[in-house]
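Containing compact mmCIF, C-alpha atoms: start_15.txt.
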# COMPACT_ATOMS: atom_id res chain seq x y z
CA MET O 1 36.49 -53.89 11.01
CA ARG O 2 34.66 -50.58 11.21
CA GLY O 3 33.52 -51.45 14.72
CA LYS O 4 37.10 -52.01 15.86
CA ILE O 5 38.20 -48.67 14.45
CA LYS O 6 35.29 -46.94 16.17
CA ASP O 7 36.18 -48.56 19.50
CA VAL O 8 39.80 -47.45 19.15
CA GLU O 9 38.70 -43.89 18.36
CA VAL O 10 36.48 -43.81 21.44
CA ILE O 11 39.35 -45.08 23.62
CA GLU O 12 41.72 -42.49 22.12
CA ARG O 13 39.33 -39.64 22.94
CA LEU O 14 38.66 -41.02 26.42
CA PHE O 15 42.41 -41.38 26.98
CA SER O 16 43.02 -37.73 26.09
CA VAL O 17 40.37 -36.57 28.55
CA ILE O 18 41.57 -38.87 31.34
CA ARG O 19 45.24 -37.96 30.84
CA THR O 20 44.37 -34.26 31.01
CA LEU O 21 42.22 -34.66 34.13
CA VAL O 22 44.83 -36.81 35.87
CA GLY O 23 47.57 -34.31 35.02
CA VAL O 24 45.49 -31.43 36.34
CA GLY O 25 44.58 -33.42 39.44
CA ILE O 26 48.22 -34.25 40.21
CA ALA O 27 49.18 -30.60 39.75
CA LEU O 28 46.47 -29.47 42.17
CA VAL O 29 47.50 -32.08 44.75
CA ILE O 30 51.10 -30.87 44.53
CA ALA O 31 49.91 -27.27 44.89
CA LEU O 32 47.89 -28.15 47.98
CA ILE O 33 50.86 -29.98 49.52
CA LEU O 34 53.11 -26.98 48.88
CA ILE O 35 50.56 -24.58 50.34
CA ALA O 36 50.23 -26.76 53.43
CA ALA O 37 54.03 -26.89 53.75
CA VAL O 38 54.75 -23.15 53.48
CA SER O 39 51.74 -21.67 55.25
CA ASP O 40 51.36 -21.14 58.99
CA ASN O 41 47.60 -21.49 58.53
CA PRO O 42 47.32 -24.19 55.85
CA VAL O 43 43.57 -24.78 56.19
CA GLU O 44 42.74 -21.13 55.54
CA ALA O 45 45.25 -21.00 52.68
CA LEU O 46 43.89 -24.17 51.08
CA MET O 47 40.32 -22.92 51.27
CA GLY O 48 41.39 -19.57 49.87
CA PHE O 49 43.07 -21.27 46.93
CA LEU O 50 40.20 -23.62 46.15
CA THR O 51 37.17 -21.43 46.88
CA GLY O 52 38.57 -17.89 47.09
CA PRO O 53 37.58 -16.92 43.51
CA LEU O 54 33.95 -17.77 44.32
CA THR O 55 33.65 -15.70 47.50
CA SER O 56 32.74 -12.38 45.84
CA LEU O 57 31.43 -10.99 42.58
CA SER O 58 34.61 -9.01 41.99
CA ARG O 59 36.80 -12.10 42.37
CA LEU O 60 34.55 -14.10 40.08
CA GLY O 61 34.82 -11.23 37.65
CA ASN O 62 38.60 -11.47 37.94
CA VAL O 63 38.42 -15.07 36.70
CA VAL O 64 36.54 -14.04 33.56
CA GLU O 65 38.76 -10.99 33.05
CA LYS O 66 41.90 -13.15 33.20
CA ALA O 67 40.34 -15.70 30.84
CA ILE O 68 39.43 -13.26 28.04
CA PRO O 69 42.95 -12.81 26.60
CA LEU O 70 43.59 -16.53 27.03
CA PHE O 71 40.70 -17.30 24.69
CA PHE O 72 42.68 -15.51 21.97
CA THR O 73 46.15 -16.89 22.68
CA GLY O 74 44.82 -20.41 23.35
CA THR O 75 42.94 -20.51 20.05
CA ALA O 76 45.92 -19.01 18.24
CA VAL O 77 48.28 -21.67 19.55
CA CYS O 78 45.75 -24.43 18.72
CA ILE O 79 45.78 -23.38 15.07
CA VAL O 80 49.56 -23.01 14.81
CA PHE O 81 50.32 -26.25 16.65
CA SER O 82 47.73 -28.17 14.61
CA CYS O 83 49.86 -27.48 11.55
CA GLY O 84 52.89 -29.07 13.21
CA GLN O 85 54.64 -25.75 13.90
CA ILE O 86 55.93 -25.38 17.45
CA SER O 87 55.91 -21.60 17.20
CA LEU O 88 56.53 -19.75 20.45
CA CYS O 89 56.26 -16.17 19.19
CA ILE O 90 52.67 -15.71 20.42
CA GLU O 91 54.12 -14.26 23.63
CA GLY O 92 56.07 -11.54 21.83
CA ILE O 93 53.16 -10.87 19.48
CA PHE O 94 50.77 -10.26 22.38
CA TYR O 95 53.20 -7.67 23.76
CA ILE O 96 54.15 -5.76 20.61
CA THR O 97 50.59 -5.67 19.24
CA GLY O 98 49.48 -4.07 22.49
CA ILE O 99 51.90 -1.24 21.68
CA ALA O 100 50.60 -1.04 18.11
CA CYS O 101 47.08 -0.84 19.50
CA ALA O 102 48.15 1.94 21.89
CA ALA O 103 49.63 3.95 19.00
CA ILE O 104 46.20 4.06 17.36
CA ALA O 105 44.14 4.22 20.55
CA THR O 106 45.81 7.50 21.54
CA GLN O 107 44.85 9.22 18.26
CA THR O 108 41.96 11.67 18.20
CA GLY O 109 39.20 12.30 15.71
CA LEU O 110 37.99 8.72 15.22
CA ALA O 111 34.40 7.58 15.77
CA ALA O 112 33.60 5.37 18.76
CA GLY O 113 32.57 2.38 16.63
CA VAL O 114 35.48 2.67 14.22
CA HIS O 115 38.29 3.43 16.66
CA PRO O 116 38.51 0.08 18.51
CA LEU O 117 37.94 -1.80 15.25
CA LEU O 118 40.97 -0.09 13.68
CA CYS O 119 43.06 -0.85 16.77
CA ILE O 120 42.13 -4.54 16.73
CA LEU O 121 42.60 -4.96 12.97
CA ALA O 122 45.97 -3.20 13.02
CA ALA O 123 47.17 -5.33 15.93
CA GLY O 124 45.92 -8.51 14.26
CA THR O 125 47.63 -7.66 10.97
CA LEU O 126 50.91 -6.97 12.73
CA GLY O 127 50.59 -10.26 14.63
CA ALA O 128 49.99 -12.16 11.38
CA LEU O 129 53.07 -10.63 9.76
CA ILE O 130 55.28 -11.40 12.75
CA CYS O 131 54.10 -15.01 13.04
CA ALA O 132 54.72 -15.45 9.31
CA VAL O 133 58.47 -14.87 9.79
CA PRO O 134 59.37 -18.19 11.51
CA ALA O 135 56.99 -20.02 9.14
CA LEU O 136 58.74 -18.56 6.08
CA MET O 137 62.15 -19.32 7.56
CA TYR O 138 61.07 -22.93 8.02
CA ILE O 139 59.65 -23.17 4.50
CA LYS O 140 62.59 -21.52 2.74
CA PHE O 141 65.57 -22.46 4.90
CA ASP O 142 64.35 -25.40 7.02
CA THR O 143 65.03 -23.38 10.16
CA MET O 144 63.87 -24.87 13.46
CA THR O 145 60.65 -23.01 14.17
CA VAL O 146 60.94 -23.40 17.92
CA VAL O 147 64.29 -21.54 17.87
CA SER O 148 63.45 -18.77 15.39
CA SER O 149 60.07 -18.05 17.00
CA LEU O 150 61.62 -17.94 20.48
CA MET O 151 64.15 -15.35 19.31
CA ILE O 152 61.35 -13.24 17.83
CA ASN O 153 59.96 -12.80 21.33
CA PHE O 154 63.12 -10.95 22.36
CA ILE O 155 63.05 -8.85 19.21
CA CYS O 156 59.45 -7.84 19.93
CA LEU O 157 60.28 -7.12 23.56
CA HIS O 158 63.22 -4.82 22.93
CA ILE O 159 61.64 -3.03 19.97
CA GLY O 160 58.61 -2.46 22.17
CA LYS O 161 60.72 -1.14 25.03
CA TYR O 162 62.49 1.26 22.67
CA LEU O 163 59.18 2.55 21.32
CA MET O 164 57.73 3.00 24.79
CA HIS O 165 60.78 4.78 26.20
CA TYR O 166 61.74 7.01 23.27
CA VAL O 167 58.66 7.40 21.05
CA MET O 168 55.35 6.81 22.83
CA ARG O 169 56.15 7.59 26.47
CA ASP O 170 53.95 10.07 28.29
CA PRO O 171 56.41 12.25 30.27
CA LYS O 172 53.69 13.13 32.77
CA ALA O 173 53.07 9.47 33.68
CA GLY O 174 56.25 9.14 35.76
CA PHE O 175 57.05 5.70 34.31
CA ASP O 176 57.25 4.00 30.91
CA ALA O 177 53.67 4.23 29.73
CA SER O 178 51.88 5.54 26.69
CA TYR O 179 49.56 8.49 26.60
CA LYS O 180 46.03 7.70 27.73
CA PHE O 181 43.73 5.96 25.28
CA GLN O 182 40.92 8.01 23.82
CA ALA O 183 37.50 7.23 25.24
CA THR O 184 36.33 6.34 21.73
CA ALA O 185 38.86 3.46 21.63
CA ARG O 186 37.94 1.79 24.92
CA LEU O 187 35.78 -1.33 25.03
CA SER O 188 32.68 -0.88 27.17
CA LYS O 189 32.03 -2.85 30.35
CA LEU O 190 29.40 -5.58 30.26
CA PHE O 191 28.65 -5.90 33.98
CA SER O 192 28.75 -3.43 36.83
CA LYS O 193 31.12 -4.01 39.77
CA THR O 194 33.48 -5.97 37.48
CA ASN O 195 35.90 -5.20 34.69
CA ILE O 196 34.37 -7.77 32.33
CA HIS O 197 34.26 -5.97 29.00
CA LEU O 198 33.02 -6.33 25.44
CA GLY O 199 36.15 -8.32 24.65
CA LEU O 200 34.41 -11.37 26.18
CA ILE O 201 31.92 -11.41 23.29
CA ILE O 202 34.72 -10.96 20.75
CA ALA O 203 36.70 -13.76 22.41
CA ILE O 204 33.76 -16.19 22.26
CA VAL O 205 33.25 -15.39 18.57
CA VAL O 206 36.96 -15.98 17.93
CA VAL O 207 36.83 -19.40 19.63
CA VAL O 208 33.75 -20.44 17.62
CA ILE O 209 35.29 -19.28 14.33
CA GLY O 210 38.58 -20.96 15.24
CA TYR O 211 36.82 -24.26 15.88
CA LEU O 212 34.73 -24.10 12.70
CA ALA O 213 37.76 -23.15 10.61
CA LEU O 214 39.97 -25.88 12.07
CA TYR O 215 37.49 -28.76 12.28
CA LYS O 216 34.63 -27.97 9.89
CA SER O 217 36.34 -26.58 6.79
CA PRO O 218 38.56 -27.97 4.00
CA TRP O 219 41.28 -25.53 5.03
CA GLY O 220 41.22 -26.83 8.59
CA TYR O 221 41.42 -30.41 7.37
CA GLY O 222 44.47 -29.49 5.32
CA VAL O 223 46.08 -27.77 8.30
CA ARG O 224 45.52 -30.74 10.59
CA MET O 225 46.64 -33.24 7.95
CA THR O 226 49.81 -31.23 7.40
CA GLY O 227 50.48 -31.33 11.12
CA LEU O 228 49.86 -35.08 11.35
CA ASN O 229 51.82 -36.10 8.26
CA ALA O 230 53.19 -33.44 5.93
CA SER O 231 54.47 -36.03 3.44
CA PHE O 232 51.05 -37.65 3.12
CA ALA O 233 49.40 -34.23 2.81
CA LYS O 234 51.79 -33.36 0.01
CA PHE O 235 51.09 -36.71 -1.68
CA GLN O 236 47.36 -35.90 -1.55
CA GLY O 237 48.03 -32.69 -3.46
CA MET O 238 47.80 -30.26 -0.55
CA GLY O 239 49.99 -27.19 -0.64
CA VAL O 240 51.95 -27.87 2.52
CA PRO O 241 53.94 -24.58 2.51
CA ALA O 242 50.72 -22.61 1.99
CA MET O 243 49.05 -24.49 4.84
CA ILE O 244 51.95 -23.79 7.21
CA LEU O 245 52.08 -20.11 6.28
CA SER O 246 48.32 -19.55 6.43
CA ALA O 247 47.96 -21.36 9.78
CA SER O 248 50.82 -19.37 11.26
CA MET O 249 49.39 -16.07 10.05
CA ALA O 250 45.91 -16.99 11.30
CA GLY O 251 47.33 -17.77 14.74
CA GLY O 252 49.35 -14.56 14.76
CA PHE O 253 46.30 -12.54 13.77
CA LEU O 254 44.25 -13.95 16.66
CA ALA O 255 47.07 -13.36 19.13
CA GLY O 256 47.37 -9.77 17.90
CA MET O 257 43.64 -9.30 18.34
CA GLY O 258 44.00 -10.56 21.89
CA GLY O 259 46.77 -8.07 22.62
CA ALA O 260 44.58 -5.20 21.44
CA VAL O 261 41.40 -6.37 23.16
CA GLU O 262 43.23 -6.75 26.47
CA GLN O 263 44.57 -3.20 26.29
CA LEU O 264 41.29 -1.58 25.21
CA GLY O 265 39.21 -3.52 27.72
CA MET O 266 41.38 -3.49 30.83
CA TYR O 267 43.68 -0.46 30.71
CA LYS O 268 43.64 3.28 30.11
CA ARG O 269 47.17 3.32 28.74
CA PHE O 270 49.80 0.77 27.73
CA SER O 271 52.19 0.19 30.64
CA TYR O 272 53.60 -3.34 30.36
CA GLU O 273 57.19 -3.43 31.60
CA GLY O 274 57.91 -6.71 29.83
CA LEU O 275 56.35 -9.81 28.35
CA SER O 276 53.03 -10.51 30.05
CA GLY O 277 52.98 -14.33 29.98
CA HIS O 278 49.71 -14.56 28.04
CA GLY O 279 51.44 -16.37 25.18
CA TRP O 280 53.00 -18.98 27.47
CA ASP O 281 49.61 -19.49 29.11
CA GLY O 282 48.15 -19.90 25.63
CA ILE O 283 50.55 -22.78 24.99
CA MET O 284 49.46 -24.49 28.20
CA ILE O 285 45.80 -23.97 27.31
CA ALA O 286 46.32 -25.45 23.83
CA VAL O 287 48.05 -28.46 25.40
CA ILE O 288 45.18 -28.97 27.85
CA ALA O 289 42.63 -28.52 25.05
CA GLN O 290 44.48 -31.01 22.80
CA ASN O 291 44.71 -28.30 20.10
CA ASN O 292 40.92 -28.17 19.87
CA PRO O 293 39.51 -24.60 20.10
CA LYS O 294 36.21 -26.03 21.32
CA LEU O 295 37.89 -26.89 24.63
CA VAL O 296 39.82 -23.63 24.93
CA PRO O 297 37.17 -21.81 27.03
CA PHE O 298 37.19 -24.56 29.67
CA ALA O 299 40.99 -24.64 29.80
CA ALA O 300 41.22 -20.84 29.88
CA LEU O 301 38.69 -20.53 32.69
CA PHE O 302 40.50 -23.24 34.67
CA VAL O 303 43.86 -21.48 34.30
CA ALA O 304 42.25 -18.14 35.17
CA TYR O 305 40.56 -19.72 38.21
CA ILE O 306 43.74 -21.15 39.72
CA SER O 307 45.56 -17.90 38.94
CA THR O 308 42.89 -15.94 40.78
CA GLY O 309 43.03 -18.45 43.64
CA ALA O 310 46.77 -17.91 43.87
CA ASP O 311 46.23 -14.14 43.95
CA VAL O 312 43.72 -14.55 46.77
CA VAL O 313 46.01 -16.60 49.02
CA ASN O 314 48.93 -14.31 48.19
CA ARG O 315 46.96 -11.29 49.44
CA THR O 316 45.18 -12.89 52.37
CA CYS O 317 47.66 -15.52 53.55
CA ASP O 318 51.40 -16.13 53.63
CA VAL O 319 51.59 -18.17 50.40
CA PRO O 320 53.81 -16.91 47.53
CA ILE O 321 52.30 -16.35 44.08
CA GLU O 322 54.98 -18.62 42.58
CA ILE O 323 52.80 -21.59 43.58
CA ILE O 324 50.77 -20.99 40.42
CA SER O 325 53.89 -21.32 38.26
CA ILE O 326 54.58 -24.72 39.78
CA VAL O 327 51.00 -25.84 39.11
CA GLN O 328 51.20 -24.73 35.48
CA ALA O 329 54.54 -26.47 34.94
CA VAL O 330 53.27 -29.76 36.35
CA ILE O 331 50.14 -29.62 34.21
CA ILE O 332 52.17 -29.13 31.04
CA MET O 333 54.59 -31.93 31.93
CA PHE O 334 51.88 -34.53 32.51
CA VAL O 335 49.50 -33.51 29.73
CA ALA O 336 52.28 -33.20 27.14
CA ALA O 337 53.90 -36.51 28.13
CA GLU O 338 52.82 -38.87 25.36
CA ARG O 339 53.80 -41.97 27.34
CA PHE O 340 51.84 -40.91 30.44
CA LEU O 341 49.10 -43.55 30.97
CA GLU O 342 50.05 -45.08 27.62
CA GLY O 343 50.01 -48.61 29.09
CA TRP O 344 46.43 -48.14 30.26
CA LYS O 345 45.38 -47.01 26.80
CA GLN O 346 47.05 -49.94 25.07
CA ARG O 347 45.42 -52.42 27.44
CA LYS O 348 41.99 -50.91 26.77
CA ILE O 349 42.55 -51.05 23.00
CA VAL O 350 43.63 -54.71 23.20
CA GLN O 351 40.61 -55.57 25.36
CA ALA O 352 38.25 -53.78 22.97
CA SER O 353 39.77 -55.59 19.98
CA GLN O 354 39.52 -58.97 21.69
CA GLN O 355 35.92 -58.30 22.70
CA ALA O 356 35.03 -57.25 19.15
CA GLU O 357 36.67 -60.42 17.78
CA LEU O 358 34.73 -62.62 20.23
CA GLU O 359 31.47 -60.93 19.29
CA LYS O 360 32.26 -61.40 15.59
CA ARG O 361 32.98 -65.12 16.04
CA ALA O 362 29.85 -65.60 18.12
CA ALA O 363 27.79 -63.94 15.40
CA GLU O 364 29.41 -66.14 12.73
CA ASN O 365 28.77 -69.31 14.75
CA LYS O 366 25.18 -68.30 15.31
CA GLU O 367 24.71 -67.61 11.61
CA GLY O 368 26.33 -70.94 10.72
CA ALA O 369 24.09 -72.85 13.12
CA ARG O 370 21.03 -71.15 11.64
CA GLU O 371 22.03 -72.17 8.10
CA ARG O 372 22.49 -75.82 9.20
Represent the structure contained in this file as structure tokens.
Amino acid sequence: MRGKIKDVEVIERLFSVIRTLVGVGIALVIALILIAAVSDNPVEALMGFLTGPLTSLSRLGNVVEKAIPLFFTGTAVCIVFSCGQISLCIEGIFYITGIACAAIATQTGLAAGVHPLLCILAAGTLGALICAVPALMYIKFDTMTVVSSLMINFICLHIGKYLMHYVMRDPKAGFDASYKFQATARLSKLFSKTNIHLGLIIAIVVVVIGYLALYKSPWGYGVRMTGLNASFAKFQGMGVPAMILSASMAGGFLAGMGGAVEQLGMYKRFSYEGLSGHGWDGIMIAVIAQNNPKLVPFAALFVAYISTGADVVNRTCDVPIEIISIVQAVIIMFVAAERFLEGWKQRKIVQASQQAELEKRAAENKEGARER
């Protein structure tokens, strides 16, 4: 019996990997077809999309730079989604916590080691508090998390715009932007000729901690069990409301950290005109990674790679940047489709079960013959 269960588990894991790879492959094929259809020089455009990010150190650096904030939002979404909460407020959190970070980063008189730490902790705390709102509304009033969290994005956006235009705006900038960050708040660069910054190390640590917390701790087991079956988790004595709230706040904290790290590592002042899309990308990364933080770096680097490839062909060829949006949408549709390749999985499970049963009977017959 244990052998059958093990075989099924192996097939389930293999199915998740294959479904993800097939979905990504289909999306890339569609992207290549679209590039060939809209470009006057399709061969050059295709090569630019596929290999452009590898043609120079600066472009390769762009891939890593784009991936750093996605480590944070991807891990954040993995934790929140693992608890069964389809919370979409990571996008708004990434935006508003960048403004909170800017408010502290522009202050003077703070030491170089303390200044960025305060910015990141403040942004993370704000993110945790914001992400707790839809969780509490679900716990207390049974509100649909997907709706309440989506509305929070607009609240964060318009509060942020008000603060930037009327409170934090630098009148000398000529556009809606904060005053320049103090040098003591900026994150140092790790490599010359690129903008890869210290946030990469922080992001890797966050992914490792996120994985250990979610898959190697009693708390993580409770979070995942709540997401799989809240009624069973409650029957086992787990505090389901506490698990939902703590997972949501943990995800919000990581997203807030990402918003701060991105600002301190990549910019001299906050100047976002609207939501940046990092939260939506985080959802796609969590879907690709099957809510497992261990796979977030691979998914984040893949998304950053195709985004950089799209930038390359947009600058060097006649291909619009919107191609990347189509690729992302197709990936999400195929990877999130639970019935996609389901027939293949079921056939493999049946074959494995039949094979295990035949092996069991053969062993029993052999044992019986030996006894006779």
* **Length of the CA of Leu88 (chain O) to CA of Ser271 (chain O) vector [Å]** =>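 Between CA of Leu88 (chain O) and CA of Ser271 (chain O) the gap is 22.8 Å.
Taking CA of Ala103 (chain O) and CA of Lys180 (chain O) as endpoints, the distance between them is 10.2 Å.
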* Interatomic distance between CA of Arg347 (chain O) and CA of Met225 (chain O)? ->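 Here the two named atoms are 27.4 Å from each other.
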* To do: Just the residues within 7 Å of region 31-35 of chain O, please, counting all atoms listed in the file, with nothing from its chain fewer than 4 positions along; format it as a list in words.
  =>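 In the requested format, the answer is Ala27, Ser39, Pro42, Ala45, Leu46, Val319, Ile323 and Val327 of chain O.
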For Leu57 (chain O), find every residue with an atom within 12 Å (counting only C-alpha atoms), except residues of its own chain fewer than 5 positions away, and show them as an mmCIF file with C-alpha atoms, in the frame of the given file.
data_model
loop_
_atom_site.group_PDB
_atom_site.id
_atom_site.type_symbol
_atom_site.label_atom_id
_atom_site.label_comp_id
_atom_site.auth_asym_id
_atom_site.auth_seq_id
_atom_site.Cartn_x
_atom_site.Cartn_y
_atom_site.Cartn_z
ATOM 1 C CA GLY O 52 38.570 -17.890 47.090
ATOM 2 C CA ASN O 62 38.600 -11.470 37.940
ATOM 3 C CA VAL O 63 38.420 -15.070 36.700
ATOM 4 C CA VAL O 64 36.540 -14.040 33.560
ATOM 5 C CA PHE O 191 28.650 -5.900 33.980
ATOM 6 C CA SER O 192 28.750 -3.430 36.830
ATOM 7 C CA LYS O 193 31.120 -4.010 39.770
ATOM 8 C CA THR O 194 33.480 -5.970 37.480
ATOM 9 C CA ASN O 195 35.900 -5.200 34.690
ATOM 10 C CA ILE O 196 34.370 -7.770 32.330
#
Contacts of Val207 (chain O) at 7 Å (all atoms listed in the file; same-chain gap of 6+ positions) as an mmCIF file with C-alpha atoms, in the coordinates of the input:
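Wrote part35.cif, looks like this:
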data_model
loop_
_atom_site.group_PDB
_atom_site.id
_atom_site.type_symbol
_atom_site.label_atom_id
_atom_site.label_comp_id
_atom_site.auth_asym_id
_atom_site.auth_seq_id
_atom_site.Cartn_x
_atom_site.Cartn_y
_atom_site.Cartn_z
ATOM 1 C CA PHE O 71 40.700 -17.300 24.690
ATOM 2 C CA THR O 75 42.940 -20.510 20.050
ATOM 3 C CA PRO O 293 39.510 -24.600 20.100
ATOM 4 C CA LYS O 294 36.210 -26.030 21.320
#
* To do: Write out as a list in words each polymer residue whose atoms come within 6 Å of region 237-245 of chain O, counting all atoms listed in the file; drop sequence neighbours fewer than 3 positions from it.
  =>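 Surrounding residues, per the criterion: Ala135, Val223, Ala233, Lys234 and Ser248 of chain O.
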* To do: Please identify all polymer residues within 10 Å of Gln236 (chain O), counting only C-alpha atoms, omitting same-chain residues fewer than 4 positions from it, and present them as a ChimeraX atom specification.
  => /O:222,225,230-232
With C-alpha atoms kept, could you save the residues just selected as a CSV table (one decimal), keeping the file's coordinate frame?
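Okay, this is what ended up in out-v7.csv:
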chain,number,residue,atom,x,y,z
O,222,GLY,CA,44.5,-29.5,5.3
O,225,MET,CA,46.6,-33.2,8.0
O,230,ALA,CA,53.2,-33.4,5.9
O,231,SER,CA,54.5,-36.0,3.4
O,232,PHE,CA,51.0,-37.6,3.1
* To do: Compare O:Cys78, O:Ile288, O:Ile90, O:Leu118 by their minimum atom-to-atom distance to Ser276 (chain O), counting only C-alpha atoms, and give me the closest one.
  =>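 Nearest to Ser276 (chain O): O:Ile90.
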Provide an axis-aligned box for all listed atoms of region 274-289 of chain O, padding each side by 4 Å; report its centre and its edge lengths in Å to one decimal, as AutoDock Vina command-line options.
--center_x 50.3 --center_y -17.8 --center_z 26.9 --size_x 23.3 --size_y 30.3 --size_z 14.2
* Kindly indicate which residue among O:Glu44, O:Asp311, O:Asp318, O:Asp176 lies nearest to Tyr272 (chain O), using all atoms listed in the file for the distances. =>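 For Tyr272 (chain O), the nearest of the candidates is O:Asp176.
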Counting all atoms listed in the file, which residues sit no farther than 12 Å from the position (54.5, -19.7, 39.5) in the file's frame? I'd like them as a PDB file with C-alpha atoms, keeping the file's coordinate frame.
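Final output, saved to point_17.pdb:
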ATOM      1  CA  ALA O  31      49.910 -27.270  44.890  1.00  0.00           C
ATOM      2  CA  LEU O  34      53.110 -26.980  48.880  1.00  0.00           C
ATOM      3  CA  GLY O 277      52.980 -14.330  29.980  1.00  0.00           C
ATOM      4  CA  ASP O 281      49.610 -19.490  29.110  1.00  0.00           C
ATOM      5  CA  VAL O 303      43.860 -21.480  34.300  1.00  0.00           C
ATOM      6  CA  ILE O 306      43.740 -21.150  39.720  1.00  0.00           C
ATOM      7  CA  SER O 307      45.560 -17.900  38.940  1.00  0.00           C
ATOM      8  CA  ALA O 310      46.770 -17.910  43.870  1.00  0.00           C
ATOM      9  CA  ASP O 311      46.230 -14.140  43.950  1.00  0.00           C
ATOM     10  CA  ASN O 314      48.930 -14.310  48.190  1.00  0.00           C
ATOM     11  CA  VAL O 319      51.590 -18.170  50.400  1.00  0.00           C
ATOM     12  CA  PRO O 320      53.810 -16.910  47.530  1.00  0.00           C
ATOM     13  CA  ILE O 321      52.300 -16.350  44.080  1.00  0.00           C
ATOM     14  CA  GLU O 322      54.980 -18.620  42.580  1.00  0.00           C
ATOM     15  CA  ILE O 323      52.800 -21.590  43.580  1.00  0.00           C
ATOM     16  CA  ILE O 324      50.770 -20.990  40.420  1.00  0.00           C
ATOM     17  CA  SER O 325      53.890 -21.320  38.260  1.00  0.00           C
ATOM     18  CA  ILE O 326      54.580 -24.720  39.780  1.00  0.00           C
ATOM     19  CA  VAL O 327      51.000 -25.840  39.110  1.00  0.00           C
ATOM     20  CA  GLN O 328      51.200 -24.730  35.480  1.00  0.00           C
ATOM     21  CA  ALA O 329      54.540 -26.470  34.940  1.00  0.00           C
ATOM     22  CA  VAL O 330      53.270 -29.760  36.350  1.00  0.00           C
TER      23      VAL O 330
END
* Asked: Of the residues O:Trp280, O:Phe298, O:Tyr179, O:Phe253, which is the one nearest to Ala123 (chain O), using all atoms listed in the file?
  ->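 Using all atoms listed in the file, the shortest distance to Ala123 (chain O) belongs to O:Phe253.
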